[in-house]
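Chemist: Dropping in entry12.tsv, which is TSV, C-alpha atoms:
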```
chain	number	residue	atom	x	y	z
A	271	MET	CA	78.13	84.92	78.44
A	272	SER	CA	77.91	81.17	78.12
A	273	CYS	CA	80.44	78.38	78.56
A	274	SER	CA	80.72	78.18	74.79
A	275	GLY	CA	82.28	81.64	74.85
A	276	ASN	CA	79.46	83.06	72.72
A	277	GLN	CA	78.84	86.51	74.18
A	278	ASN	CA	75.81	87.11	71.96
A	279	ASN	CA	73.58	84.61	73.77
A	280	PRO	CA	72.34	85.79	77.17
A	281	THR	CA	72.61	83.53	80.19
A	282	PRO	CA	69.36	81.56	80.77
A	283	ASN	CA	68.41	83.60	83.86
A	284	THR	CA	68.81	87.00	82.20
A	285	SER	CA	66.65	88.84	79.71
A	286	GLU	CA	67.80	89.96	76.27
A	287	GLY	CA	70.41	92.74	76.54
A	288	GLU	CA	70.87	92.34	80.30
A	289	LEU	CA	74.23	91.24	81.63
A	290	PRO	CA	74.25	88.70	84.47
A	291	ARG	CA	75.50	90.00	87.82
A	292	ARG	CA	79.13	89.05	88.46
A	293	ARG	CA	78.35	86.79	91.43
A	294	ASN	CA	75.86	84.79	89.33
A	295	VAL	CA	78.33	83.82	86.62
A	296	LEU	CA	80.68	80.86	87.03
A	297	PHE	CA	84.06	81.31	85.35
A	298	GLY	CA	86.77	78.77	84.87
A	299	LEU	CA	84.99	75.47	85.62
A	300	GLY	CA	87.19	72.77	84.18
A	301	GLY	CA	89.06	75.36	82.17
A	302	LEU	CA	86.03	75.68	79.88
A	303	CYS	CA	83.74	78.43	81.20
A	304	GLY	CA	85.10	81.92	80.76
A	305	ALA	CA	88.13	80.62	78.89
A	306	VAL	CA	88.61	82.48	75.65
A	307	THR	CA	91.10	81.61	72.94
A	308	LEU	CA	93.78	84.25	72.70
A	309	ASN	CA	94.21	86.35	69.62
A	310	ASN	CA	97.03	88.74	68.83
A	311	ASN	CA	95.96	91.48	71.24
A	312	PRO	CA	98.85	93.16	73.04
A	313	PHE	CA	99.59	91.73	76.47
A	314	ALA	CA	100.40	93.31	79.79
A	315	SER	CA	98.83	96.70	80.17
A	316	ALA	CA	99.34	96.22	83.91
A	317	ALA	CA	102.35	97.39	85.85
A	318	PRO	CA	103.36	94.86	88.52
A	319	VAL	CA	103.43	96.11	92.10
A	320	PRO	CA	105.80	94.09	94.26
A	321	PRO	CA	104.62	93.07	97.72
A	322	PRO	CA	106.68	94.59	100.55
A	323	GLY	CA	110.17	93.10	100.67
A	324	GLN	CA	110.08	91.65	97.15
A	325	VAL	CA	111.87	92.83	94.04
A	326	ASN	CA	110.11	94.09	90.94
A	327	PHE	CA	108.91	91.63	88.30
A	328	ALA	CA	107.50	91.83	84.80
A	329	PHE	CA	105.02	89.90	82.68
A	330	PRO	CA	105.06	87.09	81.78
A	331	LEU	CA	105.38	85.67	85.27
A	332	VAL	CA	105.05	82.28	86.94
A	333	LEU	CA	102.38	82.46	89.61
A	334	ASP	CA	104.09	80.71	92.52
A	335	SER	CA	103.12	83.27	95.20
A	336	ALA	CA	100.56	86.08	95.50
A	337	VAL	CA	101.31	88.82	92.97
A	338	SER	CA	99.78	92.30	92.78
A	339	ALA	CA	99.67	94.57	89.74
A	340	ALA	CA	98.40	98.13	89.28
A	341	VAL	CA	96.00	98.03	86.34
A	342	LYS	CA	94.95	101.26	84.63
A	343	ARG	CA	91.21	101.66	84.07
A	344	PRO	CA	89.82	102.84	80.70
A	345	ASN	CA	87.37	105.35	82.28
A	346	LYS	CA	86.48	106.37	85.80
A	347	SER	CA	83.33	107.92	87.30
A	348	ARG	CA	81.02	106.53	84.64
A	349	SER	CA	77.32	107.41	84.75
A	350	LYS	CA	74.64	104.81	85.49
A	351	LYS	CA	73.65	104.85	81.79
A	352	GLU	CA	77.26	104.26	80.71
A	353	LYS	CA	77.52	101.35	83.15
A	354	GLU	CA	74.34	99.81	81.72
A	355	GLU	CA	75.66	100.13	78.16
A	356	GLU	CA	79.21	98.88	78.81
A	357	GLU	CA	80.48	96.43	81.43
A	358	GLU	CA	83.98	97.04	82.77
A	359	VAL	CA	85.86	93.77	82.39
A	360	LEU	CA	89.11	92.56	83.94
A	361	VAL	CA	91.04	90.48	81.39
A	362	ILE	CA	93.77	88.07	82.47
A	363	GLU	CA	95.64	87.08	79.33
A	364	GLY	CA	98.03	84.29	78.49
A	365	ILE	CA	97.07	81.84	81.21
A	366	GLU	CA	99.38	78.92	80.43
A	367	PHE	CA	99.51	75.57	82.25
A	368	GLU	CA	99.92	71.83	81.74
A	369	GLY	CA	96.60	70.25	80.77
A	370	ASN	CA	97.07	67.13	82.91
A	371	ALA	CA	97.47	69.03	86.20
A	372	PRO	CA	94.82	70.78	88.32
A	373	VAL	CA	95.15	74.58	88.44
A	374	LYS	CA	93.40	77.19	90.55
A	375	PHE	CA	94.06	80.83	91.35
A	376	ASP	CA	91.89	83.58	92.84
A	377	VAL	CA	91.53	87.16	91.62
A	378	ILE	CA	91.24	89.86	94.30
A	379	ILE	CA	90.82	93.60	93.77
A	380	ASN	CA	92.06	96.47	96.00
A	381	GLN	CA	92.95	94.45	99.10
A	382	GLU	CA	95.80	94.99	101.55
A	383	GLU	CA	98.69	92.50	101.19
A	384	ASP	CA	98.38	91.35	104.81
A	385	ASP	CA	94.91	89.86	104.35
A	386	ILE	CA	95.21	88.31	100.87
A	387	LYS	CA	95.25	84.66	101.97
A	388	LEU	CA	92.09	85.20	104.07
A	389	ILE	CA	89.91	86.51	101.20
A	390	ARG	CA	87.22	84.05	100.08
A	391	PRO	CA	84.24	84.28	97.65
A	392	ASN	CA	82.00	85.87	100.29
A	393	ASN	CA	84.31	88.91	100.57
A	394	THR	CA	83.58	91.99	98.45
A	395	GLU	CA	87.19	92.18	97.14
A	396	PHE	CA	86.94	88.68	95.63
A	397	ALA	CA	86.45	89.04	91.85
A	398	GLY	CA	86.57	85.35	90.86
A	399	SER	CA	88.62	82.20	90.41
A	400	PHE	CA	90.22	80.39	87.52
A	401	VAL	CA	89.90	76.62	87.85
A	402	SER	CA	90.98	73.86	85.49
A	403	LEU	CA	90.53	70.18	86.27
A	404	PRO	CA	93.14	67.71	85.01
A	405	GLN	CA	92.62	66.46	81.46
A	406	LEU	CA	93.90	63.26	79.88
A	407	ARG	CA	96.32	65.20	77.71
A	408	LYS	CA	99.80	66.39	78.49
A	409	LYS	CA	99.94	69.38	76.18
A	410	LYS	CA	100.08	72.95	77.42
A	411	ILE	CA	96.87	74.96	77.50
A	412	LEU	CA	96.88	78.67	76.66
A	413	THR	CA	93.73	80.66	77.43
A	414	SER	CA	92.43	83.87	79.00
A	415	MET	CA	89.80	84.87	81.53
A	416	ARG	CA	87.34	87.77	81.67
A	417	LEU	CA	85.57	88.96	84.81
A	418	GLY	CA	82.84	91.61	84.91
A	419	ILE	CA	83.83	94.10	87.62
A	420	THR	CA	81.40	97.03	87.28
A	421	ASP	CA	79.28	95.98	90.29
A	422	LEU	CA	82.34	95.00	92.32
A	423	LEU	CA	83.89	98.46	91.82
A	424	GLU	CA	80.66	100.10	93.03
A	425	GLU	CA	80.58	97.83	96.10
A	426	LEU	CA	84.22	98.69	96.89
A	427	GLY	CA	83.69	102.42	96.33
A	428	ALA	CA	86.47	102.31	93.72
A	429	ASP	CA	84.51	103.74	90.80
A	430	ASP	CA	86.52	107.00	90.89
A	431	ASP	CA	89.94	105.28	91.00
A	432	ASP	CA	92.34	105.75	88.06
A	433	SER	CA	93.72	102.24	88.54
A	434	LEU	CA	93.06	99.04	90.47
A	435	VAL	CA	95.39	96.82	92.42
A	436	VAL	CA	94.69	93.31	91.13
A	437	THR	CA	96.14	90.44	93.15
A	438	LEU	CA	96.42	86.89	91.82
A	439	VAL	CA	96.62	84.29	94.58
A	440	PRO	CA	97.74	80.78	93.55
A	441	ARG	CA	95.74	78.03	95.25
A	442	GLN	CA	96.87	74.95	93.33
A	443	GLY	CA	99.16	74.02	90.44
A	444	ARG	CA	101.70	75.94	88.38
A	445	VAL	CA	100.49	78.63	86.00
A	446	LYS	CA	102.11	81.38	83.92
A	447	ILE	CA	100.35	84.72	83.31
A	448	ARG	CA	101.24	86.97	80.37
A	449	GLY	CA	99.23	90.08	81.26
A	450	ILE	CA	96.34	91.83	82.99
A	451	ARG	CA	94.22	94.71	81.67
A	452	THR	CA	90.74	96.21	81.89
A	453	GLN	CA	88.43	97.06	79.03
A	454	LEU	CA	84.87	98.20	78.44
A	455	LEU	CA	82.64	95.57	76.84
A	456	ALA	CA	79.51	96.81	75.04
A	457	ASP	CA	76.28	94.82	75.06
```
As structure tokens, what does this structure read like?
Modeler:
Amino acid sequence: MSCSGNQNNPTPNTSEGELPRRRNVLFGLGGLCGAVTLNNNPFASAAPVPPPGQVNFAFPLVLDSAVSAAVKRPNKSRSKKEKEEEEEVLVIEGIEFEGNAPVKFDVIINQEEDDIKLIRPNNTEFAGSFVSLPQLRKKKILTSMRLGITDLLEELGADDDDSLVVTLVPRQGRVKIRGIRTQLLAD
């Protein structure tokens, strides 16, 4: 995948037909890399899971504190061949924010609520970050983000799980999220 959003061109450090490893791909830089224009796909295939002591919520939601959602996986226990043919991708849809303000949030998978704020990129549970630098325009930006999670699920030992607990941790700015889902993406 390239910053232009063209999924047909491999990244410069990968060979034809090979997907880059998730830790070698930068998503969200300046709101350009990994940002994909939304189409009319249905939103919110995730069911929000409230942290202890909080009431239930539904998508869309304003990300003003850490939020966890149980996200159903399309397939579990896939073979090595299936994993090579299709990457499991976490899709965060309907990311909406003001273009003139900096925005950042982290995406964490299958982590206990107590330790969420301590997770950083060197932790296995860290899936990625969305980052947008301020632009000289005041209009709202609406985009989405895709993160390859096949390798991460293997590292976590979560390949046999029916669903994942995805936690979004706001780091800076105000952002609204319309939905979270997983899908299989063929080469």
Chemist: Taking only C-alpha atoms into account, name the residue in A:Ile450, A:Val359, A:Ala456, A:Val401 that is nearest to Leu422 (chain A).
Modeler: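 Residue with the minimum atom-to-atom distance to Leu422 (chain A): A:Val359.
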Chemist: Within 12 Å of region 435-446 of chain A, which residues of region 387-421 of chain A show up? Give each one with its shortest atom-to-atom distance in Å (one decimal) and the two atoms involved, counting only C-alpha atoms, rows by chain then rising residue number, as CSV.
Modeler:
```
residue,atom,partner,partner_atom,distance
A:Lys387,CA,A:Val439,CA,7.5
A:Leu388,CA,A:Val439,CA,10.6
A:Ile389,CA,A:Val439,CA,9.7
A:Arg390,CA,A:Val439,CA,10.9
A:Glu395,CA,A:Val436,CA,9.7
A:Phe396,CA,A:Thr437,CA,9.7
A:Ala397,CA,A:Val436,CA,9.3
A:Gly398,CA,A:Leu438,CA,10.0
A:Ser399,CA,A:Leu438,CA,9.2
A:Phe400,CA,A:Pro440,CA,9.6
A:Val401,CA,A:Gln442,CA,9.0
A:Ser402,CA,A:Gly443,CA,9.6
A:Leu403,CA,A:Gly443,CA,10.3
A:Pro404,CA,A:Gly443,CA,10.3
A:Lys410,CA,A:Val445,CA,10.3
A:Ile411,CA,A:Val445,CA,9.9
A:Leu412,CA,A:Lys446,CA,9.3
A:Thr413,CA,A:Lys446,CA,10.6
A:Ser414,CA,A:Lys446,CA,11.1
A:Leu417,CA,A:Val436,CA,11.9
A:Ile419,CA,A:Val436,CA,11.4
```
Chemist: Measuring between all atoms listed in the file, which one of A:Pro344, A:Pro391, A:Gly427, A:Pro330 shows the shortest distance to Glu366 (chain A)?
Modeler: A:Pro330
Chemist: CA of Gly369 (chain A) and CA of Leu406 (chain A) are how many Å apart?
Modeler: 7.5 Å
Chemist: What does the distance between CA of Ser335 (chain A) and CA of Val377 (chain A) come to in Å, to one decimal place?
Modeler: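 Those two atoms sit 12.7 Å apart.
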Chemist: A:Asn380, A:Ser349, A:Ala371, A:Val332: which is nearest Asp431 (chain A), counting all atoms listed in the file?
Modeler: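 Of A:Asn380, A:Ser349, A:Ala371, A:Val332, the one nearest Asp431 (chain A), counting all atoms listed in the file, is A:Asn380.
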Chemist: List every protein, DNA or RNA residue that has at least one atom no more than 12 Å from (76.1, 102.2, 76.8) in the file's coordinates, counting only C-alpha atoms, and write the result as a ChimeraX atom specification.
Modeler: /A:287-288,348-358,454-457
Chemist: Rank nothing, just name the residue among A:Pro372, A:Leu360, A:Ser347, A:Asp334 nearest to Gln453 (chain A), using all atoms listed in the file.
Modeler: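 Under the stated criterion, the closest residue is A:Leu360.
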Chemist: Using Å and a single decimal, report how far CA of Glu368 (chain A) sits from CA of Val341 (chain A).
Modeler: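 Computing it gives 26.9 Å between the two atoms.
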